[in-house]
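> Here you go, this is final-v2.tsv (TSV, C-alpha atoms).
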```
chain	number	residue	atom	x	y	z
A	1	MET	CA	89.55	12.74	83.50
A	2	SER	CA	89.84	12.85	87.30
A	3	SER	CA	86.72	11.85	89.21
A	4	PRO	CA	84.95	14.68	91.05
A	5	PRO	CA	85.14	14.80	94.87
A	6	THR	CA	82.33	13.00	96.72
A	7	ILE	CA	79.92	15.50	98.29
A	8	ALA	CA	77.30	14.45	100.83
A	9	PRO	CA	73.66	15.01	99.68
A	10	ARG	CA	73.05	17.49	102.52
A	11	ASP	CA	76.09	19.55	101.44
A	12	LYS	CA	74.90	19.50	97.81
A	13	ALA	CA	71.53	20.84	98.91
A	14	GLU	CA	73.23	23.58	100.94
A	15	ILE	CA	75.36	24.62	97.92
A	16	LEU	CA	72.25	24.83	95.71
A	17	ALA	CA	70.36	26.82	98.36
A	18	GLN	CA	73.21	29.35	98.57
A	19	ALA	CA	73.11	29.81	94.77
A	20	LEU	CA	69.34	30.53	94.80
A	21	PRO	CA	69.51	34.31	95.55
A	22	TYR	CA	71.93	34.77	92.62
A	23	ILE	CA	69.77	32.67	90.28
A	24	ARG	CA	66.73	34.76	91.26
A	25	LYS	CA	68.65	38.03	90.84
A	26	PHE	CA	70.00	37.18	87.36
A	27	HIS	CA	67.00	35.27	85.96
A	28	GLY	CA	66.18	36.55	82.48
A	29	LYS	CA	69.38	38.64	82.29
A	30	THR	CA	72.00	38.40	79.54
A	31	MET	CA	75.65	37.59	80.27
A	32	VAL	CA	78.32	37.94	77.59
A	33	ILE	CA	81.26	35.57	78.03
A	34	LYS	CA	84.61	36.02	76.28
A	35	TYR	CA	86.03	32.50	76.04
A	36	GLY	CA	89.79	32.14	75.62
A	37	GLY	CA	93.06	31.08	77.24
A	38	ASN	CA	93.62	27.73	78.98
A	39	ALA	CA	89.88	27.18	79.39
A	40	MET	CA	89.78	26.88	75.60
A	41	THR	CA	92.64	24.40	75.12
A	42	ASP	CA	92.51	22.07	78.16
A	43	PRO	CA	89.96	19.24	77.53
A	44	GLU	CA	88.75	19.10	81.16
A	45	LEU	CA	88.33	22.86	81.35
A	46	GLN	CA	86.52	22.81	77.97
A	47	ALA	CA	83.99	20.34	79.37
A	48	ASP	CA	83.60	22.44	82.56
A	49	PHE	CA	82.99	25.57	80.48
A	50	ALA	CA	80.32	23.89	78.35
A	51	GLU	CA	78.54	22.55	81.45
A	52	ASP	CA	78.63	26.01	83.08
A	53	VAL	CA	77.11	27.67	79.99
A	54	VAL	CA	74.33	25.05	79.79
A	55	LEU	CA	73.56	25.32	83.51
A	56	LEU	CA	73.27	29.12	83.26
A	57	LYS	CA	70.79	28.72	80.39
A	58	LEU	CA	68.76	26.09	82.25
A	59	VAL	CA	68.33	28.33	85.32
A	60	GLY	CA	67.01	31.18	83.15
A	61	ILE	CA	70.15	33.23	82.50
A	62	ASN	CA	71.00	34.05	78.85
A	63	PRO	CA	74.68	33.37	78.06
A	64	VAL	CA	76.21	34.71	74.82
A	65	VAL	CA	79.68	33.34	74.02
A	66	VAL	CA	82.33	35.29	72.08
A	67	HIS	CA	85.51	33.34	71.40
A	68	GLY	CA	89.09	34.05	70.38
A	69	GLY	CA	91.54	31.69	68.70
A	70	GLY	CA	95.01	33.27	68.41
A	71	PRO	CA	97.02	30.07	69.13
A	72	GLN	CA	94.87	28.03	66.72
A	73	ILE	CA	95.37	30.64	63.96
A	74	GLU	CA	99.14	30.59	64.58
A	75	THR	CA	99.20	26.77	64.32
A	76	ALA	CA	97.27	26.84	61.04
A	77	LEU	CA	99.55	29.52	59.54
A	78	ASN	CA	102.64	27.50	60.56
A	79	ARG	CA	101.20	24.44	58.81
A	80	LEU	CA	100.96	26.52	55.63
A	81	GLY	CA	104.52	27.76	56.10
A	82	LYS	CA	103.31	31.32	56.71
A	83	LYS	CA	104.96	33.31	59.47
A	84	GLY	CA	102.78	35.65	61.51
A	85	GLN	CA	103.79	39.32	61.57
A	86	PHE	CA	102.76	41.69	64.34
A	87	ILE	CA	102.79	45.48	64.60
A	88	GLN	CA	102.21	46.95	68.08
A	89	GLY	CA	100.77	43.60	69.20
A	90	MET	CA	98.29	43.41	66.29
A	91	ARG	CA	98.45	40.57	63.74
A	92	VAL	CA	99.03	41.87	60.20
A	93	THR	CA	96.19	40.24	58.25
A	94	ASP	CA	96.68	40.12	54.49
A	95	ALA	CA	94.07	38.45	52.23
A	96	GLU	CA	95.63	34.98	52.57
A	97	THR	CA	95.91	35.28	56.36
A	98	MET	CA	92.27	36.47	56.52
A	99	GLU	CA	91.16	33.28	54.72
A	100	VAL	CA	92.98	31.22	57.37
A	101	VAL	CA	91.50	33.35	60.19
A	102	GLU	CA	87.98	32.78	58.83
A	103	TRP	CA	88.20	29.03	58.48
A	104	VAL	CA	89.96	28.59	61.82
A	105	LEU	CA	87.61	30.85	63.83
A	106	ALA	CA	84.26	30.33	62.07
A	107	GLY	CA	85.00	26.73	61.12
A	108	GLU	CA	87.24	24.78	63.45
A	109	VAL	CA	87.14	26.73	66.75
A	110	GLN	CA	83.50	27.83	66.65
A	111	GLN	CA	82.21	24.40	65.71
A	112	ASP	CA	84.25	22.76	68.48
A	113	ILE	CA	82.59	25.09	71.03
A	114	VAL	CA	79.12	24.55	69.55
A	115	GLY	CA	79.67	20.78	69.71
A	116	LEU	CA	80.84	20.87	73.34
A	117	ILE	CA	77.82	22.91	74.46
A	118	ASN	CA	75.42	20.65	72.55
A	119	GLN	CA	77.09	17.57	74.03
A	120	ALA	CA	76.55	19.05	77.51
A	121	GLY	CA	72.81	19.34	76.82
A	122	GLY	CA	72.52	22.86	75.42
A	123	LYS	CA	71.42	24.17	72.01
A	124	ALA	CA	74.26	26.26	70.62
A	125	VAL	CA	74.32	28.08	67.28
A	126	GLY	CA	77.45	29.54	65.66
A	127	LEU	CA	77.43	33.08	64.22
A	128	THR	CA	79.91	35.43	62.54
A	129	GLY	CA	79.42	39.16	61.99
A	130	ARG	CA	77.82	38.43	58.62
A	131	ASP	CA	74.93	36.41	60.04
A	132	GLY	CA	71.85	38.60	60.28
A	133	GLY	CA	74.05	41.65	59.62
A	134	LEU	CA	75.33	41.27	63.19
A	135	MET	CA	78.60	43.19	63.01
A	136	ARG	CA	79.63	45.85	60.50
A	137	ALA	CA	83.28	46.86	60.49
A	138	ARG	CA	85.83	49.04	58.74
A	139	LYS	CA	89.59	48.86	58.39
A	140	LEU	CA	91.37	49.65	61.66
A	141	LYS	CA	93.51	52.78	61.56
A	142	MET	CA	96.60	52.03	63.60
A	143	ILE	CA	98.53	55.13	64.66
A	144	ASP	CA	102.20	54.63	65.56
A	145	ASN	CA	102.84	54.62	69.32
A	146	THR	CA	105.84	56.93	69.05
A	147	ASP	CA	104.97	59.06	65.99
A	148	PRO	CA	101.28	60.13	65.81
A	149	SER	CA	101.73	61.35	62.23
A	150	LYS	CA	102.57	57.80	61.07
A	151	GLU	CA	99.91	55.15	60.36
A	152	HIS	CA	100.56	51.38	60.06
A	153	ASP	CA	98.74	49.20	57.53
A	154	VAL	CA	97.75	45.98	59.33
A	155	GLY	CA	95.56	44.67	56.50
A	156	GLN	CA	92.11	43.23	57.19
A	157	VAL	CA	92.04	44.04	60.90
A	158	GLY	CA	88.74	45.64	61.77
A	159	ASP	CA	87.19	48.33	63.89
A	160	ILE	CA	83.50	47.88	64.79
A	161	VAL	CA	81.15	50.35	63.09
A	162	SER	CA	77.86	48.97	64.41
A	163	ILE	CA	76.26	45.88	65.95
A	164	ASP	CA	72.69	44.78	65.14
A	165	PRO	CA	71.78	42.34	67.93
A	166	SER	CA	68.43	41.19	66.48
A	167	VAL	CA	69.73	37.78	65.37
A	168	VAL	CA	71.22	37.19	68.85
A	169	LYS	CA	67.96	38.17	70.56
A	170	ALA	CA	65.91	35.93	68.23
A	171	LEU	CA	68.13	32.95	69.10
A	172	GLN	CA	67.92	33.72	72.83
A	173	ASP	CA	64.12	33.88	72.65
A	174	ASP	CA	64.10	30.37	71.15
A	175	GLN	CA	66.37	29.07	73.96
A	176	PHE	CA	69.50	28.84	71.78
A	177	ILE	CA	72.98	29.81	72.99
A	178	PRO	CA	74.77	32.07	70.46
A	179	VAL	CA	78.49	31.37	69.90
A	180	ILE	CA	80.08	34.30	68.03
A	181	SER	CA	83.33	34.46	66.05
A	182	PRO	CA	84.96	37.94	66.07
A	183	ILE	CA	84.72	38.48	62.29
A	184	GLY	CA	83.02	41.59	60.93
A	185	PHE	CA	82.13	42.61	57.38
A	186	GLY	CA	82.55	45.86	55.47
A	187	ASP	CA	80.62	47.87	52.89
A	188	GLN	CA	82.08	45.80	50.02
A	189	ASN	CA	81.33	42.52	51.84
A	190	GLU	CA	85.00	42.20	52.79
A	191	SER	CA	85.90	40.35	56.01
A	192	TYR	CA	87.68	41.85	59.01
A	193	ASN	CA	89.44	40.17	61.91
A	194	ILE	CA	88.45	41.97	65.15
A	195	ASN	CA	89.89	41.64	68.66
A	196	ALA	CA	87.59	39.24	70.56
A	197	ASP	CA	87.78	41.25	73.81
A	198	VAL	CA	86.60	44.34	71.91
A	199	VAL	CA	83.73	42.39	70.30
A	200	ALA	CA	82.64	40.98	73.68
A	201	GLY	CA	82.69	44.43	75.29
A	202	LYS	CA	80.71	46.14	72.50
A	203	LEU	CA	78.21	43.28	72.31
A	204	ALA	CA	77.65	43.39	76.08
A	205	THR	CA	76.94	47.12	75.79
A	206	VAL	CA	74.51	46.75	72.86
A	207	LEU	CA	72.67	43.84	74.52
A	208	GLN	CA	72.52	45.78	77.83
A	209	ALA	CA	74.05	42.73	79.49
A	210	GLU	CA	73.99	42.32	83.26
A	211	LYS	CA	77.58	41.07	83.21
A	212	LEU	CA	80.56	40.72	80.90
A	213	LEU	CA	82.89	37.84	81.84
A	214	LEU	CA	86.40	37.66	80.37
A	215	LEU	CA	88.07	34.26	80.85
A	216	THR	CA	91.86	34.72	80.99
A	217	ASN	CA	95.08	32.93	81.89
A	218	THR	CA	95.62	35.15	84.93
A	219	PRO	CA	93.96	35.29	88.39
A	220	GLY	CA	92.63	38.77	87.52
A	221	VAL	CA	94.04	42.26	88.12
A	222	LEU	CA	96.99	42.16	90.52
A	223	ASP	CA	98.45	45.04	92.53
A	224	LYS	CA	102.19	45.78	92.49
A	225	THR	CA	102.83	43.18	95.21
A	226	GLY	CA	101.03	40.45	93.23
A	227	LYS	CA	97.88	40.48	95.39
A	228	LEU	CA	94.55	39.92	93.61
A	229	LEU	CA	92.29	42.97	93.49
A	230	THR	CA	88.81	41.46	93.61
A	231	ASP	CA	86.60	44.56	93.45
A	232	LEU	CA	87.41	47.75	91.54
A	233	THR	CA	85.52	50.85	90.40
A	234	ALA	CA	86.14	52.65	87.11
A	235	ARG	CA	87.98	55.43	88.99
A	236	GLU	CA	90.31	52.94	90.73
A	237	ILE	CA	91.08	51.35	87.34
A	238	ASP	CA	92.10	54.79	85.97
A	239	GLU	CA	94.54	55.14	88.89
A	240	LEU	CA	96.03	51.68	88.15
A	241	PHE	CA	96.52	52.72	84.50
A	242	ALA	CA	98.18	55.97	85.57
A	243	ASP	CA	100.71	54.40	87.97
A	244	GLY	CA	101.61	51.54	85.60
A	245	THR	CA	100.09	48.72	87.71
A	246	ILE	CA	98.07	47.65	84.67
A	247	SER	CA	100.32	47.26	81.64
A	248	GLY	CA	101.25	44.99	78.72
A	249	GLY	CA	98.70	42.45	77.51
A	250	MET	CA	96.22	43.42	80.22
A	251	LEU	CA	95.87	46.99	78.85
A	252	PRO	CA	93.50	46.30	75.91
A	253	LYS	CA	91.49	43.77	77.94
A	254	ILE	CA	90.96	46.19	80.84
A	255	ALA	CA	90.32	49.13	78.50
A	256	GLY	CA	87.50	47.16	76.81
A	257	ALA	CA	86.14	46.07	80.18
A	258	LEU	CA	86.15	49.65	81.44
A	259	ASP	CA	84.41	50.88	78.31
A	260	ALA	CA	81.63	48.28	78.81
A	261	ALA	CA	81.26	49.19	82.51
A	262	ARG	CA	80.95	52.88	81.63
A	263	SER	CA	78.43	52.12	78.88
A	264	GLY	CA	75.80	50.46	81.05
A	265	VAL	CA	77.02	46.89	81.74
A	266	ASN	CA	76.50	46.50	85.50
A	267	SER	CA	79.72	44.64	86.19
A	268	VAL	CA	82.67	43.18	84.30
A	269	HIS	CA	84.50	40.14	85.65
A	270	ILE	CA	88.03	39.14	84.68
A	271	VAL	CA	87.94	35.46	85.63
A	272	ASP	CA	90.75	32.92	86.00
A	273	GLY	CA	89.81	30.40	83.30
A	274	ARG	CA	92.34	27.89	84.69
A	275	VAL	CA	90.11	27.24	87.72
A	276	PRO	CA	87.47	24.52	87.07
A	277	HIS	CA	83.94	26.04	86.95
A	278	ALA	CA	85.42	29.49	87.74
A	279	MET	CA	82.60	31.18	85.83
A	280	LEU	CA	79.84	29.58	87.92
A	281	LEU	CA	81.74	30.28	91.12
A	282	GLU	CA	82.09	33.95	90.16
A	283	ILE	CA	78.40	34.36	89.23
A	284	LEU	CA	76.58	32.17	91.75
A	285	THR	CA	78.68	32.43	94.93
A	286	GLU	CA	80.18	35.09	97.22
A	287	GLN	CA	83.69	33.76	96.56
A	288	ALA	CA	85.73	35.87	94.09
A	289	PHE	CA	87.62	33.97	91.39
A	290	GLY	CA	88.83	37.06	89.58
A	291	THR	CA	88.45	40.83	89.50
A	292	MET	CA	85.06	42.53	89.34
A	293	ILE	CA	84.94	46.00	87.78
A	294	ARG	CA	81.81	47.90	88.78
A	295	SER	CA	80.22	50.65	86.74
A	296	HIS	CA	80.01	52.93	89.78
```
Just give me the structure of the file as structure tokens.


Amino acid sequence: MSSPPTIAPRDKAEILAQALPYIRKFHGKTMVIKYGGNAMTDPELQADFAEDVVLLKLVGINPVVVHGGGPQIETALNRLGKKGQFIQGMRVTDAETMEVVEWVLAGEVQQDIVGLINQAGGKAVGLTGRDGGLMRARKLKMIDNTDPSKEHDVGQVGDIVSIDPSVVKALQDDQFIPVISPIGFGDQNESYNINADVVAGKLATVLQAEKLLLLTNTPGVLDKTGKLLTDLTAREIDELFADGTISGGMLPKIAGALDAARSGVNSVHIVDGRVPHAMLLEILTEQAFGTMIRSH
């Protein structure tokens, strides 16, 4: 690991003083963080992320982490000789695949994140949708993009029915940091694999979070010339959808972000997870390290 740059004590004090107004403003507020991309696979960025989460908690902000794990699931399926199948970008999740999804997300990935946060001095606790009845789900109905009369069966892929945040709030009150796997459960106790961006957005809404932060492998939302758009309103996002500026893999992420912003989350930040400590820089400084979507 590369050694950090040497900063003079006076400069360190100045940096901390500049962060103070933001710490005061967000003290006691909840921030939901969707953790994914490079930040999740690069060891140095993993350590940075864990330190950022612990620091937020120590200064009185309540972070809630929701994680993905697509590449890790793919690796596990390959080891079992099972080839992933996708329909309209959604992983077809049969019963066997769902078993793999559960042990990768709720076992391997979640416990790695919990361990990293605890190692950095925090108190993290792993949850799935089953814990405390957190997240009820039903089978996702996927309508064909070209033929609305046709419906695809993607197996145990879920749509959120309801979120009961009481277990999350109880953990926060006891100074724990919840780390949530995007797995819901149905009426017959069956498991459902749910898109982590969707879970993070709905959870932020239910918890009345101050901010939703989505860590990605991109600088944020770019205009057609490749320039970063640092500050957008819901109306401006609609225009970017309409003219095709936002497309492809960014569509579901932005749609979830927009939904959260319209449902009471003050601001949504799409943050470049490849930048060390990008999350802290976005929250506690004036400098933009991504795109902020405001609710108004």

> At what distance in Å, to one decimal, does CA of Pro276 in chain A lie from CA of Arg24 in chain A?

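Here the two named atoms are 23.5 Å from each other.
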
> Which one is closest to Val109 in chain A: A:Gly184, A:Pro63, A:Gly126, A:Gly256? Count all atoms listed in the file.

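Checking each candidate against Val109 in chain A, we get A:Gly126 as the closest.
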
> If you count all atoms listed in the file, which residues fall within 10 Å of Ser181 in chain A, apart from same-chain ones fewer than 6 positions away, as a list in words?

Val65, Val66, His67, Gly68, Gly69, Glu102, Val104, Leu105, Ala106, Gly107, Val109, Gln110, Gly126, Leu127, Thr128, Gly129, Asn193, Ile194, Ala196 and Val199 of chain A

> Got a sec: who's within 10 Å of range 131-136 of chain A, counting all atoms listed in the file, leaving out chain neighbours fewer than 2 positions off, as a ChimeraX atom specification?

/A:126-129,138,158-168,180,182-187,189,191-192,199,203

> Residues at most 12 Å from Thr75 in chain A, counting all atoms listed in the file, excluding those fewer than 4 positions away in the same chain, as a PDB file with C-alpha atoms, in the frame of the given file?


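Dumped to around_34.pdb:
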```
ATOM      1  CA  GLY A  69      91.540  31.690  68.700  1.00  0.00           C
ATOM      2  CA  GLY A  70      95.010  33.270  68.410  1.00  0.00           C
ATOM      3  CA  PRO A  71      97.020  30.070  69.130  1.00  0.00           C
ATOM      4  CA  ARG A  79     101.200  24.440  58.810  1.00  0.00           C
ATOM      5  CA  LEU A  80     100.960  26.520  55.630  1.00  0.00           C
ATOM      6  CA  GLY A  81     104.520  27.760  56.100  1.00  0.00           C
ATOM      7  CA  LYS A  82     103.310  31.320  56.710  1.00  0.00           C
ATOM      8  CA  LYS A  83     104.960  33.310  59.470  1.00  0.00           C
ATOM      9  CA  GLY A  84     102.780  35.650  61.510  1.00  0.00           C
ATOM     10  CA  VAL A 100      92.980  31.220  57.370  1.00  0.00           C
ATOM     11  CA  VAL A 101      91.500  33.350  60.190  1.00  0.00           C
ATOM     12  CA  VAL A 104      89.960  28.590  61.820  1.00  0.00           C
TER      13      VAL A 104
END
```

> Hey, can you pull every residue with an atom no more than 10 Å from (83.7, 52.1, 78.4), using only C-alpha atoms, and send it as a short mmCIF file (atom, residue, chain, number, x, y, z; two decimals) with C-alpha atoms, in the coordinates of the input?


```
data_model
loop_
_atom_site.label_atom_id
_atom_site.label_comp_id
_atom_site.auth_asym_id
_atom_site.auth_seq_id
_atom_site.Cartn_x
_atom_site.Cartn_y
_atom_site.Cartn_z
CA GLY A 201 82.69 44.43 75.29
CA LYS A 202 80.71 46.14 72.50
CA THR A 205 76.94 47.12 75.79
CA ALA A 234 86.14 52.65 87.11
CA ILE A 254 90.96 46.19 80.84
CA ALA A 255 90.32 49.13 78.50
CA GLY A 256 87.50 47.16 76.81
CA ALA A 257 86.14 46.07 80.18
CA LEU A 258 86.15 49.65 81.44
CA ASP A 259 84.41 50.88 78.31
CA ALA A 260 81.63 48.28 78.81
CA ALA A 261 81.26 49.19 82.51
CA ARG A 262 80.95 52.88 81.63
CA SER A 263 78.43 52.12 78.88
CA GLY A 264 75.80 50.46 81.05
CA VAL A 265 77.02 46.89 81.74
CA SER A 295 80.22 50.65 86.74
#
```
